[in-house]
Structures are given as C-alpha cells and as structure tokens.
$ cat query-v3.csv   # CSV, C-alpha atoms
chain,number,residue,atom,x,y,z
A,181,GLY,CA,22.0,0.6,-28.8
A,182,ALA,CA,19.6,1.1,-25.8
A,183,VAL,CA,21.1,4.3,-24.5
A,184,VAL,CA,19.3,6.0,-21.7
A,185,SER,CA,20.1,9.4,-20.3
A,186,GLN,CA,18.9,11.2,-17.2
A,187,HIS,CA,19.2,14.9,-16.5
A,188,PRO,CA,20.4,16.3,-14.2
A,189,SER,CA,22.9,13.7,-12.9
A,190,TRP,CA,22.8,15.4,-9.5
A,191,VAL,CA,20.8,18.3,-8.0
A,192,ILE,CA,20.7,20.1,-4.7
A,193,CYS,CA,17.6,21.9,-3.8
A,194,LYS,CA,16.1,23.6,-0.8
A,195,SER,CA,13.3,22.1,1.2
A,196,GLY,CA,9.9,23.1,-0.2
A,197,THR,CA,11.0,23.5,-3.8
A,198,SER,CA,10.2,21.2,-6.7
A,199,VAL,CA,12.7,19.3,-8.8
A,200,LYS,CA,12.2,17.8,-12.3
A,201,ILE,CA,14.2,14.8,-13.5
A,202,GLU,CA,14.2,14.0,-17.2
A,203,CYS,CA,14.7,10.5,-18.6
A,204,ARG,CA,15.3,10.0,-22.3
A,205,SER,CA,15.7,6.8,-24.3
A,206,LEU,CA,18.0,8.1,-27.0
A,207,ASP,CA,17.9,5.3,-29.6
A,208,PHE,CA,14.7,3.4,-28.9
A,209,GLN,CA,11.1,3.9,-28.0
A,210,ALA,CA,10.0,2.8,-24.6
A,211,THR,CA,6.4,1.7,-24.2
A,212,THR,CA,6.7,1.5,-20.4
A,213,MET,CA,8.8,3.5,-18.0
A,214,PHE,CA,9.7,2.4,-14.5
A,215,TRP,CA,11.0,4.8,-11.8
A,216,TYR,CA,13.1,3.5,-9.0
A,217,ARG,CA,14.6,5.2,-6.0
A,218,GLN,CA,17.5,4.0,-3.9
A,219,PHE,CA,18.4,5.2,-0.4
A,220,PRO,CA,22.0,4.9,0.8
A,221,LYS,CA,23.1,1.3,1.4
A,222,GLN,CA,19.8,0.0,0.2
A,223,SER,CA,18.5,-1.7,-2.9
A,224,LEU,CA,16.5,-0.2,-5.7
A,225,MET,CA,12.8,0.1,-4.9
A,226,LEU,CA,10.2,0.6,-7.5
A,227,MET,CA,8.2,3.8,-7.2
A,228,ALA,CA,5.9,3.8,-10.2
A,229,THR,CA,5.2,2.4,-13.6
A,230,SER,CA,3.9,4.5,-16.5
A,231,ASN,CA,2.8,3.7,-20.0
A,232,GLU,CA,3.0,6.3,-22.7
A,233,GLY,CA,-0.1,8.5,-22.7
A,234,SER,CA,-1.5,6.9,-19.5
A,235,LYS,CA,-1.5,7.8,-15.9
A,236,ALA,CA,1.3,6.3,-13.8
A,237,THR,CA,0.6,3.5,-11.3
A,238,TYR,CA,2.3,4.0,-8.0
A,239,GLU,CA,3.6,1.5,-5.5
A,240,GLN,CA,2.2,1.3,-2.1
A,241,GLY,CA,3.6,4.1,0.1
A,242,VAL,CA,4.6,6.3,-2.8
A,243,GLU,CA,2.6,9.6,-2.8
A,244,LYS,CA,1.3,10.2,-6.3
A,245,ASP,CA,0.7,13.9,-5.6
A,246,LYS,CA,4.3,14.3,-4.5
A,247,PHE,CA,6.0,12.4,-7.2
A,248,LEU,CA,4.5,13.5,-10.5
A,249,ILE,CA,5.3,11.3,-13.5
A,250,ASN,CA,4.7,12.4,-17.1
A,251,HIS,CA,5.3,10.0,-19.9
A,252,ALA,CA,4.1,12.1,-22.8
A,253,SER,CA,6.2,10.4,-25.5
A,254,LEU,CA,7.9,7.1,-26.2
A,255,THR,CA,11.3,8.7,-25.6
A,256,LEU,CA,10.8,11.1,-22.7
A,257,SER,CA,9.5,10.7,-19.2
A,258,THR,CA,9.8,13.1,-16.3
A,259,LEU,CA,9.6,12.7,-12.6
A,260,THR,CA,8.9,15.8,-10.6
A,261,VAL,CA,9.4,15.8,-6.9
A,262,THR,CA,7.1,18.5,-5.5
A,263,SER,CA,7.6,20.3,-2.2
A,264,ALA,CA,10.8,18.3,-1.6
A,265,HIS,CA,11.8,17.5,1.9
A,266,PRO,CA,15.2,16.2,3.2
A,267,GLU,CA,13.7,12.7,3.5
A,268,ASP,CA,13.3,12.7,-0.3
A,269,SER,CA,17.0,12.8,-0.7
A,270,SER,CA,17.8,9.7,-2.7
A,271,PHE,CA,19.1,8.3,-5.9
A,272,TYR,CA,16.4,8.2,-8.6
A,273,ILE,CA,16.8,5.8,-11.5
A,274,CYS,CA,14.5,5.6,-14.6
A,275,SER,CA,14.2,2.4,-16.4
A,276,PRO,CA,12.6,2.3,-19.9
A,277,ARG,CA,11.2,-0.9,-21.2
A,278,ARG,CA,11.2,-2.0,-24.9
A,279,SER,CA,9.6,-5.4,-25.7
A,280,ASP,CA,11.0,-7.8,-23.1
A,281,GLU,CA,14.1,-5.8,-22.3
A,282,GLN,CA,14.4,-3.4,-19.4
A,283,TYR,CA,17.2,-0.8,-19.5
A,284,PHE,CA,18.4,1.7,-16.9
A,285,GLY,CA,19.4,5.3,-16.8
A,286,PRO,CA,22.5,6.5,-15.0
A,287,GLY,CA,20.6,7.9,-12.1
A,288,THR,CA,20.0,11.3,-10.5
A,289,ARG,CA,21.3,12.1,-7.1
A,290,LEU,CA,18.9,14.4,-5.3
A,291,THR,CA,19.9,16.2,-2.1
A,292,VAL,CA,17.3,18.3,-0.3
A,293,THR,CA,18.7,20.7,2.2
B,167,ASP,CA,8.6,-14.4,-9.7
B,168,ALA,CA,10.9,-16.7,-7.8
B,169,LYS,CA,12.8,-15.4,-4.8
B,170,THR,CA,16.6,-15.4,-4.9
B,171,THR,CA,19.1,-15.6,-2.1
B,172,GLN,CA,22.7,-14.2,-2.4
B,173,PRO,CA,25.5,-13.8,0.1
B,174,PRO,CA,25.7,-10.2,1.2
B,175,SER,CA,29.4,-9.8,0.4
B,176,MET,CA,32.4,-11.4,-1.2
B,177,ASP,CA,36.0,-10.5,-1.8
B,178,CYS,CA,38.1,-11.5,-4.7
B,179,ALA,CA,41.8,-10.9,-5.6
B,180,GLU,CA,42.4,-8.9,-8.7
B,181,GLY,CA,43.1,-11.1,-11.7
B,182,ARG,CA,41.4,-14.1,-10.1
B,183,ALA,CA,38.0,-15.5,-11.0
B,184,ALA,CA,35.1,-14.2,-9.1
B,185,ASN,CA,32.3,-16.7,-8.5
B,186,LEU,CA,29.1,-15.3,-7.3
B,187,PRO,CA,26.4,-17.8,-6.2
B,188,CYS,CA,22.6,-17.3,-6.3
B,189,ASN,CA,20.0,-19.6,-5.0
B,190,HIS,CA,16.6,-19.7,-6.7
B,191,SER,CA,15.1,-23.0,-5.5
B,192,THR,CA,11.5,-22.0,-6.3
B,193,ILE,CA,12.2,-21.1,-10.0
B,194,SER,CA,9.6,-22.1,-12.5
B,195,GLY,CA,10.2,-23.6,-15.9
B,196,ASN,CA,9.5,-20.4,-17.8
B,197,GLU,CA,11.6,-18.1,-15.6
B,198,TYR,CA,14.9,-16.8,-16.6
B,199,VAL,CA,17.9,-15.9,-14.4
B,200,TYR,CA,19.2,-12.4,-15.0
B,201,TRP,CA,22.3,-10.8,-13.5
B,202,TYR,CA,22.9,-7.1,-13.2
B,203,ARG,CA,25.5,-5.1,-11.4
B,204,GLN,CA,25.5,-1.6,-9.9
B,205,ILE,CA,28.7,0.2,-9.5
B,206,HIS,CA,28.5,2.9,-6.8
B,207,SER,CA,26.3,5.8,-7.7
B,208,GLN,CA,25.5,4.5,-11.2
B,209,GLY,CA,22.4,2.8,-12.7
B,210,PRO,CA,22.3,-1.0,-12.9
B,211,GLN,CA,24.2,-2.6,-15.8
B,212,TYR,CA,23.0,-5.8,-17.5
B,213,ILE,CA,25.5,-8.6,-17.4
B,214,ILE,CA,24.0,-11.8,-18.7
B,215,HIS,CA,20.9,-14.0,-18.5
B,216,GLY,CA,20.0,-17.6,-19.1
B,217,LEU,CA,17.2,-20.1,-18.9
B,218,LYS,CA,18.8,-23.5,-18.4
B,219,ASN,CA,21.9,-23.7,-20.5
B,220,ASN,CA,25.2,-22.2,-19.5
B,221,GLU,CA,25.8,-18.8,-21.1
B,222,THR,CA,28.9,-16.8,-21.9
B,223,ASN,CA,29.5,-13.3,-23.2
B,224,GLU,CA,32.3,-10.8,-23.2
B,225,MET,CA,31.6,-9.9,-19.6
B,226,ALA,CA,30.9,-13.1,-17.8
B,227,SER,CA,29.8,-16.7,-17.7
B,228,LEU,CA,26.6,-18.0,-16.2
B,229,ILE,CA,26.4,-21.5,-14.9
B,230,ILE,CA,22.9,-22.9,-14.1
B,231,THR,CA,22.6,-26.2,-12.3
B,232,GLU,CA,20.8,-28.9,-13.9
B,233,ASP,CA,17.8,-28.7,-11.6
B,234,ARG,CA,17.9,-24.9,-12.1
B,235,LYS,CA,17.7,-24.2,-8.4
B,236,SER,CA,20.9,-22.3,-8.3
B,237,SER,CA,23.3,-20.5,-10.5
B,238,THR,CA,26.8,-19.0,-10.4
B,239,LEU,CA,28.0,-15.8,-12.2
B,240,ILE,CA,31.7,-16.1,-13.1
B,241,LEU,CA,33.9,-13.1,-13.8
B,242,PRO,CA,36.9,-14.9,-15.2
B,243,HIS,CA,39.6,-12.3,-14.4
B,244,ALA,CA,38.3,-9.8,-11.9
B,245,THR,CA,39.6,-6.2,-12.0
B,246,LEU,CA,39.2,-3.4,-9.6
B,247,ARG,CA,36.5,-2.0,-11.9
B,248,ASP,CA,34.4,-5.0,-11.2
B,249,THR,CA,33.8,-3.9,-7.6
B,250,ALA,CA,30.1,-3.5,-7.4
B,251,VAL,CA,26.8,-4.9,-6.1
B,252,TYR,CA,25.7,-7.9,-8.1
B,253,TYR,CA,22.0,-8.7,-8.4
B,254,CYS,CA,20.6,-12.1,-9.4
B,255,ILE,CA,17.0,-11.7,-10.5
B,256,VAL,CA,14.5,-14.3,-11.7
B,257,ILE,CA,11.7,-13.2,-14.0
B,258,ARG,CA,9.3,-14.9,-16.4
B,259,SER,CA,9.9,-14.5,-20.1
B,260,GLY,CA,7.6,-12.0,-21.6
B,261,SER,CA,6.5,-10.7,-18.3
B,262,ALA,CA,5.2,-7.2,-18.2
B,263,ARG,CA,6.4,-6.9,-14.6
B,264,GLN,CA,9.4,-4.8,-13.7
B,265,LEU,CA,12.7,-6.2,-12.5
B,266,THR,CA,12.7,-6.5,-8.7
B,267,PHE,CA,16.0,-6.1,-6.9
B,268,GLY,CA,17.0,-7.9,-3.8
B,269,SER,CA,19.9,-7.0,-1.6
B,270,GLY,CA,22.5,-8.5,-3.9
B,271,THR,CA,26.1,-9.3,-3.3
B,272,GLN,CA,28.7,-6.6,-2.7
B,273,LEU,CA,31.8,-7.9,-4.5
B,274,THR,CA,35.0,-6.2,-3.6
B,275,VAL,CA,38.0,-6.8,-5.8
B,276,LEU,CA,41.2,-6.4,-3.8
B,277,PRO,CA,44.5,-5.3,-5.3
$ encode --input "query-v3.csv" --output "structure tokens"
Amino acid sequence: GAVVSQHPSWVICKSGTSVKIECRSLDFQATTMFWYRQFPKQSLMLMATSNEGSKATYEQGVEKDKFLINHASLTLSTLTVTSAHPEDSSFYICSPRRSDEQYFGPGTRLTVT
Amino acid sequence: DAKTTQPPSMDCAEGRAANLPCNHSTISGNEYVYWYRQIHSQGPQYIIHGLKNNETNEMASLIITEDRKSSTLILPHATLRDTAVYYCIVIRSGSARQLTFGSGTQLTVLP
C-alpha cells in the first residue's frame, strides 16, 4: 500500500511558461500534502503544506503566487510553477500524509531553458 | 524536533555490513528516530524507525543506544543498489509537522 505517483517524471520548458506537476496517492487518502524541492547536491527543502480544501501554507522565501498549489481532493494535489525561470530548475517531490505516516512521490525533474 | 548529526559520507564494500551512525543528543522522550534513504533522482524511501528498542525489518536494523542520544542503521549485506543518501530524522510521535531533512550521509557501496 501507500503508492504515490507524480506526473510528469521529468519536464523541460522554456523560460516564461508554466508547468503543472500532479501528485496522486493511488491507494490511500491524504489529508495533508507537503511539497519539497531539491537543488543539485542539496537536501530536500519544504516549500509548502496544504490540507484538502484549504489554502496552502508556504515556507519563508517561497513565492505563493509563483508556486500555485491545489489540493482539491484527498487523492490529488497539483503544483503549478508559473512563469518559470532557469533558477526554478529543480527536483520537485510531493509527500502525502495519512495519519502519522508521511509518504513520498518519485519526484519530478524540472528543467527550465 | 531534535537536531541530528551524520557523517557526510561513508564507503562500504559490497557484501559487507554498512553501519551508519546518527547523533541526536537532544532527543526527547516522545521522539522517534526515522531513517530514510534517497537513491539518486528518486523520492525518499522509508527504511525503518524506532523509539528506544532495537528494530529490525527486511531492509535493515536500527540500534538505539540506551540513553537514546545516538543510533546506528545497519544494512547487513550491502549491495551496489544500496548506494544512496541516508537521512536520520527525529520527530515526535503524532506530530503534524513534516519530516525535515538534514544533509544525510552519502553511502557508496564499492564493488
């Protein structure tokens, strides 16, 4: 159990365009969703936390108008990177939470050219 | 949540046991020790967790010292596929907080 999928697994986009990343919990319902990003040779850094049906809470330094998070259902959350720039190139990982357990998606590699 | 300290890197010969240490000297009584690993370009993978007793599962063993100030993750027979960054995380049971990742230990299993 506790299967998490992310789509796409990798994406290349041009600077100024927007990219949507989907995260699905395939066999459980997630009351909370965490989104992390990871730059090369660095650790995972929390970007935001969202609860189903509520607005996301963003960590300091993360622009809420740039990284739009939608958690409309207990099995689907999306992260949209708007007006992407090369410095947004990173590995984005979703992490749904069920009860006390936190699970992780396989990640999405975003490259902005 | 208590802070953890891990060595930045370790090597291990294939087939030998890999022992990864973690220091968490400020751990509280209701905080668990969790271990995750991240193979390159993948999401973190849960390995094992414990409170104060030693734990074993199909992946690894977790040895927690009696004073709980440190722990060791043991991979009994390391393979090349175990090459990854290993994270030791301390978090309170029932906490609504997210897992916070430090810099971890890069384990390289050598052929």
$ atom_distance --input "query-v3.csv" --atom1 "CA of Ile257 (chain B)" --atom2 "CA of Pro187 (chain B)"
17.3 Å
$ closest_residue --input "query-v3.csv" --among "A:Ser257, A:Asp268, A:Tyr283, A:Phe219" --to "Cys193 (chain A)" --atoms "all atoms listed in the file"
A:Asp268
$ closest_residue --input "query-v3.csv" --among "B:Thr231, B:Asn185, B:Asn219, B:Gln211" --to "chain A" --atoms "all atoms listed in the file"
B:Gln211
$ closest_residue --input "query-v3.csv" --among "A:Pro276, A:Pro266, A:Gly287, A:Gly233" --to "Leu206 (chain A)" --atoms "only C-alpha atoms"
A:Pro276
$ residues_around --input "query-v3.csv" --residues "His215 (chain B)" --least-positions-apart "5" --cutoff "9 Å" --atoms "all atoms listed in the file" --output "MDAnalysis selection string"
chainID B and resid 198:202 221 228
$ write_last_selection --input "query-v3.csv" --atoms "C-alpha atoms" --output "PDB file, in the frame of the given file"
ATOM      1  CA  TYR B 198      14.900 -16.800 -16.600  1.00  0.00           C
ATOM      2  CA  VAL B 199      17.900 -15.900 -14.400  1.00  0.00           C
ATOM      3  CA  TYR B 200      19.200 -12.400 -15.000  1.00  0.00           C
ATOM      4  CA  TRP B 201      22.300 -10.800 -13.500  1.00  0.00           C
ATOM      5  CA  TYR B 202      22.900  -7.100 -13.200  1.00  0.00           C
ATOM      6  CA  GLU B 221      25.800 -18.800 -21.100  1.00  0.00           C
ATOM      7  CA  LEU B 228      26.600 -18.000 -16.200  1.00  0.00           C
TER       8      LEU B 228
END
$ interface_residues --input "query-v3.csv" --of "chain B" --to "chain A" --cutoff "8 Å" --atoms "only C-alpha atoms" --output "ChimeraX atom specification"
/B:207-212,259-262,264-270
$ atom_distance --input "query-v3.csv" --atom1 "CA of Ser195 (chain A)" --atom2 "CA of Tyr216 (chain A)"
21.2 Å
$ atom_distance --input "query-v3.csv" --atom1 "CA of Glu224 (chain B)" --atom2 "CA of Gln209 (chain A)"
26.2 Å
$ closest_residue --input "query-v3.csv" --among "B:Pro277, B:Arg263, B:Tyr252, B:Thr222" --to "Ser230 (chain A)" --atoms "all atoms listed in the file"
B:Arg263
$ closest_residue --input "query-v3.csv" --among "A:Ser198, A:Ser263, A:Thr258, A:Asn231" --to "Ser185 (chain A)" --atoms "all atoms listed in the file"
A:Thr258
$ residues_around --input "query-v3.csv" --residues "His206 (chain B)" --least-positions-apart "5" --cutoff "10 Å" --atoms "only C-alpha atoms" --output "CSV table (one decimal) with C-alpha atoms, in the frame of the given file"
chain,number,residue,atom,x,y,z
A,221,LYS,CA,23.1,1.3,1.4
B,249,THR,CA,33.8,-3.9,-7.6
B,250,ALA,CA,30.1,-3.5,-7.4
B,251,VAL,CA,26.8,-4.9,-6.1
$ residues_around --input "query-v3.csv" --residues "Glu232 (chain A)" --least-positions-apart "2" --cutoff "6 Å" --atoms "all atoms listed in the file" --output "ChimeraX atom specification"
/A:211,234,251-253
$ residues_around --input "query-v3.csv" --residues "Asp177 (chain B)" --least-positions-apart "6" --cutoff "6 Å" --atoms "only C-alpha atoms" --output "PyMOL selection string"
chain B and resi 273-275
$ residues_around --input "query-v3.csv" --residues "Leu248 (chain A)" --least-positions-apart "6" --cutoff "7 Å" --atoms "all atoms listed in the file" --output "number ranges by chain"
A: 259-261
